[in-house]
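Content type CSV, C-alpha atoms and all ligand atoms, from the file input18.csv:
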```csv
chain,number,residue,atom,x,y,z
A,1,MET,CA,4.2,32.5,-0.8
A,2,ALA,CA,3.3,30.2,2.0
A,3,ALA,CA,4.5,28.3,5.0
A,4,VAL,CA,4.7,24.5,4.8
A,5,THR,CA,3.6,22.4,7.8
A,6,LEU,CA,4.2,18.7,8.3
A,7,SER,CA,2.4,16.9,11.1
A,8,GLY,CA,3.1,13.3,11.9
A,9,VAL,CA,3.8,12.5,8.3
A,10,ARG,CA,4.4,8.8,7.6
A,11,LYS,CA,5.1,6.7,4.5
A,12,VAL,CA,4.8,3.0,4.3
A,13,TYR,CA,5.6,1.6,0.9
A,14,GLN,CA,4.0,-1.5,-0.5
A,15,GLY,CA,5.8,-4.4,1.1
A,16,GLY,CA,5.9,-2.7,4.5
A,17,VAL,CA,9.0,-0.5,4.2
A,18,GLU,CA,8.4,2.4,6.6
A,19,ALA,CA,10.4,5.1,4.8
A,20,VAL,CA,9.2,8.1,6.8
A,21,ARG,CA,8.3,7.5,10.5
A,22,GLY,CA,6.1,10.3,11.7
A,23,VAL,CA,7.9,13.6,10.8
A,24,SER,CA,6.7,17.0,12.0
A,25,PHE,CA,8.1,20.4,11.4
A,26,ASP,CA,7.2,23.9,10.1
A,27,VAL,CA,8.9,25.8,7.3
A,28,ALA,CA,8.1,29.4,7.7
A,29,ASP,CA,7.1,31.6,4.8
A,30,GLY,CA,10.2,32.5,2.8
A,31,GLN,CA,12.5,30.2,4.6
A,32,PHE,CA,15.0,27.9,3.0
A,33,CYS,CA,14.7,24.5,4.5
A,34,VAL,CA,17.2,21.7,3.7
A,35,LEU,CA,16.6,18.0,4.4
A,36,VAL,CA,19.9,16.2,4.8
A,37,GLY,CA,20.8,12.7,5.7
A,38,PRO,CA,22.5,9.6,4.3
A,39,SER,CA,21.2,7.7,1.3
A,40,GLY,CA,17.9,5.9,2.1
A,41,CYS,CA,17.0,8.0,5.2
A,42,GLY,CA,13.7,9.0,3.6
A,43,LYS,CA,14.4,12.6,2.5
A,44,SER,CA,13.3,12.2,-1.1
A,45,THR,CA,10.2,10.3,-0.1
A,46,LEU,CA,9.3,13.2,2.3
A,47,LEU,CA,9.8,15.8,-0.5
A,48,ARG,CA,7.8,13.8,-2.9
A,49,MET,CA,4.9,13.6,-0.5
A,50,VAL,CA,5.0,17.4,-0.2
A,51,ALA,CA,5.0,17.6,-4.0
A,52,GLY,CA,2.1,15.1,-4.3
A,53,LEU,CA,4.2,12.6,-6.2
A,54,GLU,CA,3.7,10.0,-3.4
A,55,THR,CA,0.6,9.3,-1.4
A,56,ILE,CA,0.8,10.1,2.4
A,57,SER,CA,0.2,7.0,4.6
A,58,ASP,CA,-0.5,9.0,7.7
A,59,GLY,CA,-0.4,12.6,9.0
A,60,THR,CA,-0.9,15.9,7.1
A,61,VAL,CA,1.0,18.2,4.8
A,62,ARG,CA,-0.2,21.8,4.8
A,63,ILE,CA,0.8,24.5,2.2
A,64,GLY,CA,-0.3,27.8,3.6
A,65,ASP,CA,-3.6,27.1,5.4
A,66,ARG,CA,-4.6,24.3,3.0
A,67,VAL,CA,-4.2,20.6,3.8
A,68,VAL,CA,-2.9,19.2,0.5
A,69,ASN,CA,-2.9,15.5,1.2
A,70,ASP,CA,-5.6,14.8,-1.4
A,71,ILE,CA,-4.7,17.6,-3.8
A,72,GLU,CA,-3.2,16.9,-7.2
A,73,PRO,CA,0.5,18.0,-7.7
A,74,ALA,CA,-0.5,20.5,-10.4
A,75,GLU,CA,-3.0,22.1,-7.9
A,76,ARG,CA,-0.5,22.5,-5.1
A,77,ASP,CA,1.1,25.6,-6.4
A,78,ILE,CA,4.6,24.2,-6.1
A,79,ALA,CA,7.5,23.9,-8.6
A,80,MET,CA,10.0,21.1,-8.4
A,81,VAL,CA,13.6,21.0,-9.7
A,82,PHE,CA,15.0,17.5,-10.2
A,83,GLN,CA,18.5,16.1,-10.2
A,84,ASN,CA,18.2,14.9,-13.8
A,85,TYR,CA,16.6,18.3,-14.9
A,86,ALA,CA,13.7,16.5,-16.5
A,87,LEU,CA,13.7,18.8,-19.6
A,88,TYR,CA,11.8,17.9,-22.8
A,89,PRO,CA,14.6,17.0,-25.3
A,90,HIS,CA,12.6,17.9,-28.4
A,91,MET,CA,11.7,21.4,-27.2
A,92,SER,CA,13.8,24.6,-27.2
A,93,VAL,CA,14.8,26.2,-23.9
A,94,TYR,CA,12.1,28.8,-24.4
A,95,ASP,CA,9.4,26.2,-24.9
A,96,ASN,CA,10.7,24.1,-21.9
A,97,MET,CA,10.3,27.1,-19.7
A,98,ALA,CA,6.9,28.2,-21.3
A,99,TYR,CA,5.3,24.7,-21.3
A,100,GLY,CA,3.8,24.7,-17.8
A,101,LEU,CA,2.4,28.2,-18.3
A,102,ARG,CA,0.8,27.4,-21.7
A,103,ASN,CA,-0.9,24.3,-20.1
A,104,ARG,CA,-2.4,26.6,-17.6
A,105,GLY,CA,-3.7,29.0,-20.3
A,106,THR,CA,-1.5,31.9,-19.2
A,107,PRO,CA,-1.8,34.7,-21.9
A,108,LYS,CA,1.0,34.7,-24.5
A,109,ALA,CA,2.4,38.1,-23.6
A,110,GLU,CA,2.6,37.2,-19.9
A,111,ILE,CA,4.4,33.9,-20.8
A,112,GLU,CA,6.9,35.9,-22.9
A,113,ALA,CA,7.5,38.4,-20.2
A,114,ARG,CA,8.0,35.8,-17.5
A,115,VAL,CA,10.3,33.6,-19.6
A,116,ARG,CA,12.5,36.5,-20.7
A,117,GLU,CA,12.7,37.8,-17.1
A,118,ALA,CA,13.7,34.3,-15.8
A,119,ALA,CA,16.2,33.9,-18.6
A,120,ARG,CA,17.7,37.3,-17.7
A,121,ILE,CA,18.0,36.5,-14.0
A,122,LEU,CA,19.7,33.1,-14.9
A,123,ALA,CA,21.9,34.4,-17.7
A,124,ILE,CA,20.5,32.0,-20.2
A,125,GLU,CA,19.1,34.5,-22.7
A,126,PRO,CA,21.6,33.5,-25.4
A,127,TYR,CA,20.3,29.9,-25.3
A,128,LEU,CA,16.6,30.3,-25.5
A,129,ASP,CA,16.4,28.8,-29.0
A,130,ARG,CA,18.6,25.8,-28.3
A,131,ARG,CA,17.6,22.3,-27.5
A,132,PRO,CA,18.7,20.9,-24.1
A,133,ARG,CA,21.3,18.6,-25.6
A,134,ALA,CA,23.2,21.6,-26.9
A,135,LEU,CA,23.7,22.9,-23.4
A,136,SER,CA,26.2,22.1,-20.7
A,137,GLY,CA,25.1,20.5,-17.4
A,138,GLY,CA,25.2,23.8,-15.6
A,139,GLN,CA,23.1,25.5,-18.3
A,140,ARG,CA,20.5,22.7,-18.2
A,141,GLN,CA,20.3,23.1,-14.5
A,142,ARG,CA,19.6,26.8,-15.0
A,143,VAL,CA,16.8,26.0,-17.5
A,144,ALA,CA,15.3,23.6,-14.9
A,145,MET,CA,15.5,26.5,-12.4
A,146,GLY,CA,14.0,28.9,-14.9
A,147,ARG,CA,11.1,26.6,-15.5
A,148,ALA,CA,10.4,26.6,-11.8
A,149,ILE,CA,10.7,30.4,-11.5
A,150,VAL,CA,8.3,31.3,-14.3
A,151,ARG,CA,5.6,29.5,-12.5
A,152,LYS,CA,5.8,31.9,-9.5
A,153,PRO,CA,4.9,29.1,-7.2
A,154,GLN,CA,4.2,29.3,-3.4
A,155,VAL,CA,7.0,26.8,-2.8
A,156,PHE,CA,10.1,25.5,-4.5
A,157,LEU,CA,11.0,21.9,-4.0
A,158,PHE,CA,14.6,20.8,-4.9
A,159,ASP,CA,15.5,17.1,-5.2
A,160,GLU,CA,19.4,16.9,-5.2
A,161,PRO,CA,19.5,19.5,-8.0
A,162,LEU,CA,23.3,19.8,-8.1
A,163,SER,CA,24.3,16.1,-7.9
A,164,ASN,CA,25.0,15.8,-11.6
A,165,LEU,CA,27.4,18.7,-11.8
A,166,ASP,CA,31.2,18.7,-11.3
A,167,ALA,CA,32.6,19.9,-8.0
A,168,LYS,CA,33.4,23.5,-9.1
A,169,LEU,CA,30.1,24.0,-10.8
A,170,ARG,CA,28.2,22.7,-7.8
A,171,VAL,CA,29.7,25.4,-5.6
A,172,GLN,CA,28.9,28.1,-8.2
A,173,MET,CA,25.3,26.9,-8.7
A,174,ARG,CA,24.9,26.6,-4.9
A,175,VAL,CA,25.7,30.3,-4.5
A,176,GLU,CA,23.4,31.2,-7.4
A,177,ILE,CA,20.5,29.2,-5.9
A,178,LYS,CA,21.0,30.9,-2.5
A,179,ARG,CA,21.1,34.3,-4.1
A,180,LEU,CA,18.0,33.6,-6.2
A,181,GLN,CA,16.0,32.2,-3.3
A,182,ARG,CA,16.9,35.3,-1.2
A,183,ALA,CA,15.9,37.6,-4.1
A,184,LEU,CA,12.6,35.8,-4.8
A,185,GLY,CA,11.8,35.1,-1.2
A,186,VAL,CA,10.0,31.8,-2.1
A,187,THR,CA,9.6,29.2,0.6
A,188,SER,CA,12.0,26.3,-0.4
A,189,ILE,CA,12.6,22.7,0.6
A,190,TYR,CA,15.8,21.3,-0.7
A,191,VAL,CA,17.0,17.7,-0.4
A,192,THR,CA,20.7,16.7,-0.4
A,193,HIS,CA,23.0,14.2,1.1
A,194,ASP,CA,25.8,16.7,1.0
A,195,GLN,CA,26.3,18.3,4.4
A,196,ILE,CA,28.3,21.3,3.1
A,197,GLU,CA,25.4,22.1,0.7
A,198,ALA,CA,23.0,21.7,3.6
A,199,MET,CA,25.0,23.9,6.0
A,200,THR,CA,25.6,26.7,3.4
A,201,LEU,CA,22.1,26.9,1.9
A,202,SER,CA,19.7,26.4,4.8
A,203,ASP,CA,18.0,28.8,7.2
A,204,LEU,CA,16.4,25.7,8.7
A,205,LEU,CA,18.3,22.4,8.7
A,206,VAL,CA,16.5,19.1,9.2
A,207,VAL,CA,18.9,16.1,9.7
A,208,MET,CA,17.2,12.8,9.0
A,209,ASN,CA,18.2,9.3,9.8
A,210,ALA,CA,16.4,6.0,9.1
A,211,GLY,CA,13.0,7.7,8.4
A,212,HIS,CA,13.0,10.0,11.4
A,213,VAL,CA,14.2,13.5,12.3
A,214,GLU,CA,17.4,13.6,14.4
A,215,GLN,CA,17.5,17.3,14.9
A,216,ILE,CA,16.0,20.6,13.5
A,217,GLY,CA,17.5,24.1,13.8
A,218,THR,CA,19.7,26.6,12.2
A,219,PRO,CA,22.9,25.2,10.7
A,220,ILE,CA,25.1,26.8,13.4
A,221,GLU,CA,22.9,25.5,16.2
A,222,LEU,CA,23.2,22.0,15.0
A,223,TYR,CA,27.0,22.4,14.4
A,224,ARG,CA,27.6,23.8,17.9
A,225,ARG,CA,25.2,21.6,19.9
A,226,PRO,CA,24.4,18.4,18.1
A,227,ARG,CA,21.8,16.5,20.1
A,228,THR,CA,23.1,13.1,19.0
A,229,ARG,CA,26.3,11.5,18.0
A,230,PHE,CA,24.7,10.9,14.5
A,231,VAL,CA,24.2,14.7,13.9
A,232,ALA,CA,27.7,15.4,15.4
A,233,GLY,CA,29.4,13.0,13.0
A,234,PHE,CA,27.3,14.0,10.0
A,235,LEU,CA,27.8,17.8,10.0
A,236,GLY,CA,31.2,19.3,9.7
A,237,SER,CA,34.2,18.7,7.4
A,238,PRO,CA,36.6,17.3,8.3
A,239,ALA,CA,34.3,15.2,10.4
A,240,MET,CA,34.2,15.2,14.2
A,241,ASN,CA,36.5,12.7,16.0
A,242,PHE,CA,35.0,10.3,18.6
A,243,VAL,CA,37.2,8.9,21.3
A,244,PRO,CA,36.1,6.7,24.2
A,245,GLY,CA,36.5,8.4,27.6
A,246,ARG,CA,35.4,8.3,31.2
A,247,LEU,CA,34.2,10.8,33.7
A,248,GLY,CA,36.7,11.2,36.5
A,249,GLN,CA,36.2,13.2,39.7
A,250,PRO,CA,33.9,16.2,39.3
A,251,GLY,CA,35.6,18.5,36.8
A,252,GLU,CA,37.7,15.8,35.2
A,253,LEU,CA,37.4,13.9,32.0
A,254,VAL,CA,39.8,10.9,31.3
A,255,ILE,CA,40.9,10.2,27.7
A,256,GLY,CA,43.6,7.7,26.9
A,257,GLY,CA,44.8,7.5,30.5
A,258,ARG,CA,45.2,11.3,30.8
A,259,THR,CA,42.9,13.6,32.8
A,260,LEU,CA,41.5,16.7,31.2
A,261,PRO,CA,39.6,19.5,32.9
A,262,TRP,CA,35.9,19.3,32.3
A,263,ASP,CA,33.3,21.9,32.9
A,264,VAL,CA,31.0,20.3,35.5
A,265,ALA,CA,28.3,22.8,34.9
A,266,ARG,CA,27.7,21.0,31.6
A,267,GLY,CA,25.6,18.2,33.1
A,268,ALA,CA,27.4,14.9,33.1
A,269,THR,CA,28.4,14.3,36.7
A,270,CYS,CA,28.4,10.6,37.4
A,271,PRO,CA,32.1,9.7,38.2
A,272,GLY,CA,33.4,6.6,36.4
A,273,SER,CA,30.7,6.6,33.6
A,274,ALA,CA,32.0,5.7,30.2
A,275,VAL,CA,31.4,8.5,27.7
A,276,GLU,CA,32.0,9.1,24.0
A,277,VAL,CA,34.0,12.3,23.6
A,278,GLY,CA,33.4,14.2,20.3
A,279,ILE,CA,36.1,16.7,19.3
A,280,ARG,CA,36.2,18.6,16.1
A,281,PRO,CA,39.6,18.5,14.3
A,282,GLU,CA,39.8,22.3,14.4
A,283,ASN,CA,39.4,22.3,18.2
A,284,LEU,CA,42.6,20.4,18.9
A,285,ARG,CA,46.0,22.2,19.2
A,286,VAL,CA,49.5,21.0,19.2
A,287,ALA,CA,50.6,21.3,22.8
A,288,ALA,CA,53.5,23.3,24.2
A,289,PRO,CA,56.0,20.8,25.8
A,290,GLY,CA,54.7,19.7,29.2
A,291,SER,CA,51.1,20.7,28.7
A,292,GLU,CA,49.9,17.7,26.7
A,293,GLN,CA,46.4,16.5,27.4
A,294,ILE,CA,46.1,13.9,24.7
A,295,LEU,CA,48.9,11.9,23.2
A,296,MET,CA,48.4,10.9,19.5
A,297,GLU,CA,50.5,8.5,17.5
A,298,VAL,CA,50.9,10.2,14.1
A,299,GLU,CA,50.1,8.0,11.1
A,300,PHE,CA,50.1,10.4,8.1
A,301,VAL,CA,49.5,14.0,7.1
A,302,GLU,CA,47.1,15.4,4.5
A,303,GLU,CA,48.0,18.7,2.9
A,304,LEU,CA,45.0,20.9,2.3
A,305,GLY,CA,46.8,24.1,1.3
A,306,ALA,CA,46.1,26.6,4.0
A,307,THR,CA,45.9,23.9,6.6
A,308,GLN,CA,47.1,20.3,7.3
A,309,LEU,CA,45.2,17.4,8.6
A,310,ILE,CA,47.2,15.2,10.9
A,311,HIS,CA,45.8,11.6,11.1
A,312,GLY,CA,46.8,9.3,14.0
A,313,ARG,CA,45.5,7.2,16.8
A,314,VAL,CA,44.8,7.5,20.5
A,315,GLY,CA,44.7,3.9,21.6
A,316,GLU,CA,42.3,2.2,19.2
A,317,ALA,CA,40.5,5.4,18.3
A,318,ALA,CA,41.3,7.3,15.1
A,319,LEU,CA,41.9,11.0,15.5
A,320,ALA,CA,42.3,13.9,13.0
A,321,VAL,CA,43.8,17.3,13.9
A,322,GLN,CA,43.5,20.4,11.7
A,323,VAL,CA,46.5,22.7,12.1
A,324,PRO,CA,48.0,25.6,10.1
A,325,THR,CA,50.4,24.4,7.4
A,326,GLY,CA,54.0,23.8,8.6
A,327,ILE,CA,53.2,22.5,12.1
A,328,ALA,CA,52.7,18.8,11.5
A,329,PRO,CA,55.3,16.2,12.3
A,330,GLU,CA,55.4,13.2,9.9
A,331,ALA,CA,55.6,10.5,12.5
A,332,GLY,CA,56.0,9.8,16.2
A,333,MET,CA,54.0,10.9,19.2
A,334,LEU,CA,52.3,14.3,19.2
A,335,GLY,CA,51.0,16.0,22.3
A,336,LEU,CA,47.7,17.9,21.9
A,337,THR,CA,45.5,20.2,24.0
A,338,VAL,CA,41.8,20.7,23.7
A,339,ASP,CA,39.6,23.5,24.9
A,340,PRO,CA,37.1,21.8,27.4
A,341,GLY,CA,34.4,24.1,26.1
A,342,SER,CA,34.6,22.6,22.6
A,343,THR,CA,34.2,19.0,23.5
A,344,HIS,CA,30.9,17.1,23.1
A,345,LEU,CA,30.0,14.2,25.4
A,346,PHE,CA,27.6,11.5,24.2
A,347,ASP,CA,26.1,8.5,26.1
A,348,PRO,CA,27.7,5.5,24.4
A,349,ALA,CA,24.5,3.5,25.1
A,350,ASN,CA,22.1,5.6,23.1
A,351,GLY,CA,24.2,8.3,21.3
A,352,LEU,CA,22.4,11.2,23.1
A,353,ARG,CA,24.3,14.3,24.1
A,354,LEU,CA,24.9,14.2,27.9
A,355,ASP,CA,24.3,17.9,28.5
A,356,LEU,CA,21.1,18.3,26.6
B,401,LIG,P1,16.8,9.1,0.4
B,401,LIG,O1,16.1,10.1,-0.5
B,401,LIG,O2,17.1,9.7,1.7
B,401,LIG,O3,18.0,8.5,-0.2
B,401,LIG,P2,14.4,7.6,-0.1
B,401,LIG,O4,13.3,8.5,0.3
B,401,LIG,O5,14.6,7.5,-1.6
B,401,LIG,O6,15.7,7.9,0.7
B,401,LIG,O7,14.1,6.1,0.4
B,401,LIG,C1,13.8,5.8,1.8
B,401,LIG,C2,13.6,4.3,1.9
B,401,LIG,O8,12.4,4.0,1.2
B,401,LIG,C3,14.6,3.4,1.4
B,401,LIG,O9,14.8,2.3,2.2
B,401,LIG,C4,14.1,3.0,0.0
B,401,LIG,O10,14.7,1.8,-0.4
B,401,LIG,C5,12.6,3.0,0.2
B,401,LIG,N1,11.9,3.2,-1.0
B,401,LIG,C6,12.0,4.4,-1.8
B,401,LIG,N2,11.1,4.3,-2.8
B,401,LIG,C7,10.4,3.1,-2.7
B,401,LIG,C8,9.4,2.5,-3.4
B,401,LIG,N3,8.8,3.1,-4.5
B,401,LIG,N4,8.9,1.3,-3.0
B,401,LIG,C9,9.5,0.7,-1.8
B,401,LIG,N5,10.5,1.3,-1.1
B,401,LIG,C10,10.9,2.4,-1.5
```
Now that the file is in, can you turn its structure into structure tokens?
Amino acid sequence: MAAVTLSGVRKVYQGGVEAVRGVSFDVADGQFCVLVGPSGCGKSTLLRMVAGLETISDGTVRIGDRVVNDIEPAERDIAMVFQNYALYPHMSVYDNMAYGLRNRGTPKAEIEARVREAARILAIEPYLDRRPRALSGGQRQRVAMGRAIVRKPQVFLFDEPLSNLDAKLRVQMRVEIKRLQRALGVTSIYVTHDQIEAMTLSDLLVVMNAGHVEQIGTPIELYRRPRTRFVAGFLGSPAMNFVPGRLGQPGELVIGGRTLPWDVARGATCPGSAVEVGIRPENLRVAAPGSEQILMEVEFVEELGATQLIHGRVGEAALAVQVPTGIAPEAGMLGLTVDPGSTHLFDPANGLRLDL
């Protein structure tokens, strides 16, 4: 196993598209790193450069202590799991898993042992003689995982491996991938656009936007202290609310004409400045009469089972509030309170967190 180190990595495609704009970070030995971001942000390009499937325009990629920029994919000691599984349709499951090892001249008994062990771990032993077309999507994904495991690589690379599965199977496979990665301890880099997958799988979360890294850290660090409005809005479900506000006198924050207490120790101190206030739906409460801090005009309510999501407006801004079932009114004005410690303030001009 090995660490992966990216230093100033850039990718400019033919035609001048700069897909990756100088990305640097380290994935420690055994760590599970997830690259997340919206479609087109450059995450697959970055993964493919680590894999050796794309040339690197600038910067270096190291696996262990080796710079691999000019090393062929097959020589990088990585194994990749793709979204479309990339299985050979004319080969049995066994042969699909054994193929890479045979190409490397691994002894037959060793191949047999590794394939059987991987099949056991992944619970696909009963299907070893089948062709991929006789398997369900989830079983095919397991075979693709098995093919990666038997290689015993230094690094696993996953490119949206769960995207073709239905919602329930995705959750199940997500748990299996996490369990497997923990058990094997193989350094992993995983690409997804799904923030829940990213939050749940990663030890190290890298949020990308338009070819650059917005923020790197543990999932909970990014959730609690997003550095930018982009990260704040991208992570968390239901998503964070953003309402325009203004700093009042020291210790005051004004939203929708009402003044809330604000913890002055948290940096932003210039009275009168416009701010963008981020509040997660779960950090808003229905106010006791007389203690309202924010007044919301209720539009509709979504039932989520254990909780309800009340949607409404504060002035022009949309707001969602997550409350226990049975609280939500269907219409009218609703008074809310917010814990000042749970708000996030961003500079409307550049989207940066004010109390960095
Ligand atoms: P993501 O995986 O985050 O969806 P990609 O890495 O696939 O994003 O793409 C990043 C950007 O690079 C996009 O603007 C995409 O259109 C562009 N791109 C990807 N592949 C190529 C290519 N082979 N040639 C030119 N542009 C490409």
What residues have any atom no more than 10 Å from ligand LIG 401 (chain B) when counting only C-alpha atoms and all ligand atoms, and can you list them as an NGL selection string? :A and (11-20 or 35-49 or 54 or 159-160 or 191-193 or 208-211)
Written selection (C-alpha atoms) as a short mmCIF file (atom, residue, chain, number, x, y, z; two decimals), in the frame of the given file:
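Final file, out-v9.cif:
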```cif
data_model
loop_
_atom_site.label_atom_id
_atom_site.label_comp_id
_atom_site.auth_asym_id
_atom_site.auth_seq_id
_atom_site.Cartn_x
_atom_site.Cartn_y
_atom_site.Cartn_z
CA LYS A 11 5.10 6.70 4.50
CA VAL A 12 4.80 3.00 4.30
CA TYR A 13 5.60 1.60 0.90
CA GLN A 14 4.00 -1.50 -0.50
CA GLY A 15 5.80 -4.40 1.10
CA GLY A 16 5.90 -2.70 4.50
CA VAL A 17 9.00 -0.50 4.20
CA GLU A 18 8.40 2.40 6.60
CA ALA A 19 10.40 5.10 4.80
CA VAL A 20 9.20 8.10 6.80
CA LEU A 35 16.60 18.00 4.40
CA VAL A 36 19.90 16.20 4.80
CA GLY A 37 20.80 12.70 5.70
CA PRO A 38 22.50 9.60 4.30
CA SER A 39 21.20 7.70 1.30
CA GLY A 40 17.90 5.90 2.10
CA CYS A 41 17.00 8.00 5.20
CA GLY A 42 13.70 9.00 3.60
CA LYS A 43 14.40 12.60 2.50
CA SER A 44 13.30 12.20 -1.10
CA THR A 45 10.20 10.30 -0.10
CA LEU A 46 9.30 13.20 2.30
CA LEU A 47 9.80 15.80 -0.50
CA ARG A 48 7.80 13.80 -2.90
CA MET A 49 4.90 13.60 -0.50
CA GLU A 54 3.70 10.00 -3.40
CA ASP A 159 15.50 17.10 -5.20
CA GLU A 160 19.40 16.90 -5.20
CA VAL A 191 17.00 17.70 -0.40
CA THR A 192 20.70 16.70 -0.40
CA HIS A 193 23.00 14.20 1.10
CA MET A 208 17.20 12.80 9.00
CA ASN A 209 18.20 9.30 9.80
CA ALA A 210 16.40 6.00 9.10
CA GLY A 211 13.00 7.70 8.40
#
```
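Ranking A:Glu197, A:Glu302, A:Asp58, A:Asp203 by their shortest atom-to-atom distance to A:Arg182, with only C-alpha atoms included, puts A:Asp203 first.
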Find the distance between atom CA of A:Ala198 and atom CA of A:Phe32 and write it in Å to one decimal.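 The value is 10.1 Å.
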Residue with smallest distance to A:Ser188 - pool A:Gln83, A:Leu165, A:Pro89, A:Asp29, counting all atoms listed in the file: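 Smallest separation from A:Ser188 among the options: A:Asp29.
If only C-alpha atoms are the atoms counted, then among A:Gly351, A:Pro161, A:Gly233, A:Gly312 the closest residue to A:Pro329 is A:Gly312.
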With distances taken over only C-alpha atoms, which residue among A:Leu284, A:Ile149, A:Ala274, A:Met1 lies nearest A:Glu117?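 Comparing A:Leu284, A:Ile149, A:Ala274, A:Met1 against A:Glu117, the winner is A:Ile149.
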I need the residue nearest A:Leu162 from this list: A:Thr228, A:Ser57, A:Gln141, A:Thr325. Use all atoms listed in the file for the distance.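 The shortest atom-to-atom distance to A:Leu162 comes from A:Gln141.
Close contacts of A:Tyr88, defined as residues with an atom at most 12 Å away when counting all atoms listed in the file, with chain neighbours fewer than 3 positions off set aside, comprise Asn84, Tyr85, Met91, Ser92, Val93, Tyr94, Asp95, Asn96, Met97, Ala98, Tyr99, Gly100, Arg130, Arg131, Pro132, Arg133, Arg140, Val143, Ala144 and Arg147 of chain A.
Here atom CA of A:Thr5 is placed at a distance of 25.2 Å from atom CA of A:Phe234.
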